[in-house]
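A.B. asks: Take a look at the following structure, please.
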Amino acid sequence: MTQFCLSFQNFRLHQRKAHTSEAGINNSLADVTRMTWKRIGLQGITTQDFKTTYLSLSGYEAVLAWFEDIDVNLKTVLNYTKNFMQFMKYINIDMDLLLVSNDQREYNRLTCLQVHISNMRSGLDSGVFELHKRQMNSKPMPPTPTEVKWVLAVAKADFYKGMDELRKKDDSGPILTKTRIAFINRYITAYLCLGQGIHVGEAENMYSSEFQAAYNGEWMLSDRGEPHIVVHVANHKTNVTQDCRIALNPYWTDNFDLYFRYLCTIIFRLKNPTHPYFFTQSDGHHFRKVSDWIKKLQKQYKVPKITSSTARCSWVERRPEAHRE
DNA sequence: CTCTCGGTGTATACGATCAT
DNA sequence: ATGATCGTATACACCGAGAG
């Protein structure tokens with residue numbers, strides 16, 4: 001029986017032609033690899049030695065059984081299956097393998113396998129739907145905004161202290177300690193993600209220029225009648241459609257302005273960074289992994305862990321139906 | 001000098017969102 | 001609605017600057 005080597009480079013190439021992002025390709029390739037390697041007894045086999053004959057229905061069922069064993073969420077199983085199906089589809093149309101002409105028998109076998117997996121996938125689909133319905137019915141209320149913002153309240157005194165240090169500084173001399181800078185970064189991004197319910201990605205990818213533009217622009221009145229500025233985060237690294245508007249009242253505008261004038265400018269000058277992001281680490285690098293830092297902040301102040309996603313649920317829950325979107 | 005902690009990279013599970 | 005893809009949350013090992 002003819003067996004074929006399969007290079008994952010071909011799969012990558014194929015995905016790139018379909019304009020899939022590099023991260024997306026890595027993601028699905030990792031899923032496929034786990035799916036095919038970890039449970040079909042292929043441990044120790046390199047991708048170069050891979051043969052299509054290794055794919056089988058019993059292998060797929062073994063994977064399902066394994067997932068059941070380790071109690072993986074059904075949605076994840078479905079996700080893996082989707083990726084696996086895409087992988088198989090690719091094999092059957094792969095120009096290097098040319099199964100249709102080179103090995104009609106193997107081509108038919110894989111087509112048959114695809115149909116089987118497609119059927120099982122339908123079962124997974126309805127299972128996920130049921131799961132979703134049940135989850136929606138028994139979904140607990142998200143924490144109240146007060147609970148969400150609890151960490152901001154308990155850390156407020158320290159934050160004041162940090163900002164006072166900043167206020168007293170001129171723009172020369174050494175910057176604050178790295179611990180203090182990290183704390184200020186954590187606190188302000190926690191305010192954005194927990195206090196305003198924005199995505200962590202927006203805090204991470206906000207540009208200095210976006211704050212400046214808002215700061216130099218017009219002040220607006222909020223629905224409560226107090227003046228505030230709106231930072232429109234549009235230059236989003238990951239997804240343009242995920243823009244957001246950050247509304248800052250005078251208190252936060254003052255803090256953001258201090259941050260911008262002292263931390264940003266001093267660190268920029270000393271560390272000569274090459275990026276334009278608003279939040280800056282003491283080493284001049286881009287402040288990222290906001291969700292990790294929020295977690296650490298909550299741990300440090302011994303308050304319950306609440307993620308930015310949960311915070312969004314909390315804020316959405318308290319909006320009129322019409323405004324939720 | 002030692003050791004804490006800020007920060008990085010990677011793998012994995014899975015929720016969210018886009019296009020159709 | 002559905003399939004495909006993107007983004008987030010989390011765990012963990014590791015590095016190294018700099019606080020004490």
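We label chains A, B, ... in the order they appear in the structure tokens, count residues from 1 in each chain, and number ligands from 1 in the order shown.
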Just want the 10 Å neighbourhood of DG15 of chain B, counted on only C-alpha atoms (C1' of nucleotides), with same-chain residues fewer than 6 positions away dropped. Output as number ranges by chain.

C.D. replies: A: 75, 309; C: 7-9

A.B. asks: Write the selection just made, keeping C-alpha atoms (C1' of nucleotides), as a CSV table (one decimal), in the first residue's frame?

C.D. replies:
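Resulting contents of again-v3.csv:
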chain,number,residue,atom,x,y,z
A,75,LYS,CA,-17.4,22.9,23.3
A,309,SER,CA,-14.9,39.2,31.0
C,7,DG,C1',-8.8,36.6,21.3
C,8,DT,C1',-8.8,35.7,26.4
C,9,DA,C1',-7.8,33.3,30.6

A.B. asks: Hey, list the chain C side of the contact with chain A: 10 Å cut-off, only C-alpha atoms (C1' of nucleotides), answer as a PyMOL selection string.

C.D. replies: chain C and resi 3-10+17-19

A.B. asks: I need the contact residues of chain B against chain A, so if you could list those with any atom within 9 Å, counting only C-alpha atoms (C1' of nucleotides), and return them as number ranges by chain, that would help.

C.D. replies: B: 5-6, 13-14

A.B. asks: Point out the residue among A:Asp125, A:Lys299, A:Glu204, A:Arg186 with the least atom-to-atom distance to DT2 of chain C, counting only C-alpha atoms (C1' of nucleotides).

C.D. replies: A:Asp125

A.B. asks: In Å, with one decimal, what is the gap from atom CA of Gln298 of chain A to atom CA of Val151 of chain A?

C.D. replies: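 Interatomic distance here is 5.9 Å.
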
A.B. asks: Atom CA of Val290 of chain A to atom CA of Phe278 of chain A: how many Å, to one decimal?

C.D. replies: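 Value for the atom CA of Val290 of chain A-atom CA of Phe278 of chain A distance: 13.1 Å.
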
A.B. asks: Can you tell me which residues surround Tyr251 of chain A at a distance of at most 12 Å, considering only C-alpha atoms (C1' of nucleotides), apart from same-chain residues fewer than 4 positions away, and format the answer as a count of residues only?

C.D. replies: 11

A.B. asks: Which residues come within 12 Å of DG20 of chain C, counting only C-alpha atoms (C1' of nucleotides), excluding same-chain residues fewer than 5 positions away, as a PDB file with N, CA, C and O atoms (P, O5', C5', C4', C3', O3' and C1' of nucleotides), in the first residue's frame?

C.D. replies:
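That gives us result.pdb:
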ATOM      1  P    DC B   1      28.712  39.087  45.261  1.00  0.00           P
ATOM      2  O5'  DC B   1      28.668  38.116  46.536  1.00  0.00           O
ATOM      3  C5'  DC B   1      28.589  38.781  47.827  1.00  0.00           C
ATOM      4  C4'  DC B   1      27.297  38.351  48.497  1.00  0.00           C
ATOM      5  C3'  DC B   1      26.469  37.322  47.717  1.00  0.00           C
ATOM      6  O3'  DC B   1      26.020  36.331  48.623  1.00  0.00           O
ATOM      7  C1'  DC B   1      25.153  39.279  48.112  1.00  0.00           C
ATOM      8  P    DT B   2      25.333  34.986  48.070  1.00  0.00           P
ATOM      9  O5'  DT B   2      23.818  35.297  48.445  1.00  0.00           O
ATOM     10  C5'  DT B   2      23.494  35.754  49.761  1.00  0.00           C
ATOM     11  C4'  DT B   2      22.005  36.049  49.833  1.00  0.00           C
ATOM     12  C3'  DT B   2      21.112  35.003  49.173  1.00  0.00           C
ATOM     13  O3'  DT B   2      19.993  34.813  50.020  1.00  0.00           O
ATOM     14  C1'  DT B   2      20.673  37.126  48.228  1.00  0.00           C
ATOM     15  P    DC B   3      19.021  33.574  49.871  1.00  0.00           P
ATOM     16  O5'  DC B   3      17.654  34.316  49.543  1.00  0.00           O
ATOM     17  C5'  DC B   3      17.368  35.557  50.194  1.00  0.00           C
ATOM     18  C4'  DC B   3      16.283  36.264  49.412  1.00  0.00           C
ATOM     19  C3'  DC B   3      15.277  35.316  48.768  1.00  0.00           C
ATOM     20  O3'  DC B   3      14.028  35.956  48.830  1.00  0.00           O
ATOM     21  C1'  DC B   3      16.198  36.655  47.115  1.00  0.00           C
ATOM     22  P    DT B   4      12.708  35.192  48.993  1.00  0.00           P
ATOM     23  O5'  DT B   4      11.697  36.376  48.677  1.00  0.00           O
ATOM     24  C5'  DT B   4      12.025  37.688  49.124  1.00  0.00           C
ATOM     25  C4'  DT B   4      11.625  38.693  48.061  1.00  0.00           C
ATOM     26  C3'  DT B   4      10.285  38.389  47.381  1.00  0.00           C
ATOM     27  O3'  DT B   4       9.540  39.592  47.395  1.00  0.00           O
ATOM     28  C1'  DT B   4      11.926  38.759  45.757  1.00  0.00           C
TER      29       DT B   4
END

A.B. asks: Set the distance at 12 Å and use only C-alpha atoms (C1' of nucleotides): which residues neighbour segment 302-305 of chain A once local chain neighbours fewer than 5 positions away are removed? I'd like the list as JSON, numbers by chain.

C.D. replies: {"A": [143, 147, 148, 149, 150, 151, 152, 153, 154, 155, 190, 194, 291, 292, 293, 294, 295, 296, 297, 310, 311], "C": [9]}

A.B. asks: Just list as a ChimeraX atom specification whatever in segment 114-234 of chain A DSSP marks as helix (DSSP H, G or I).

C.D. replies: /A:114-137,145-148,150-154,156-168,178-195,200-204,208-216
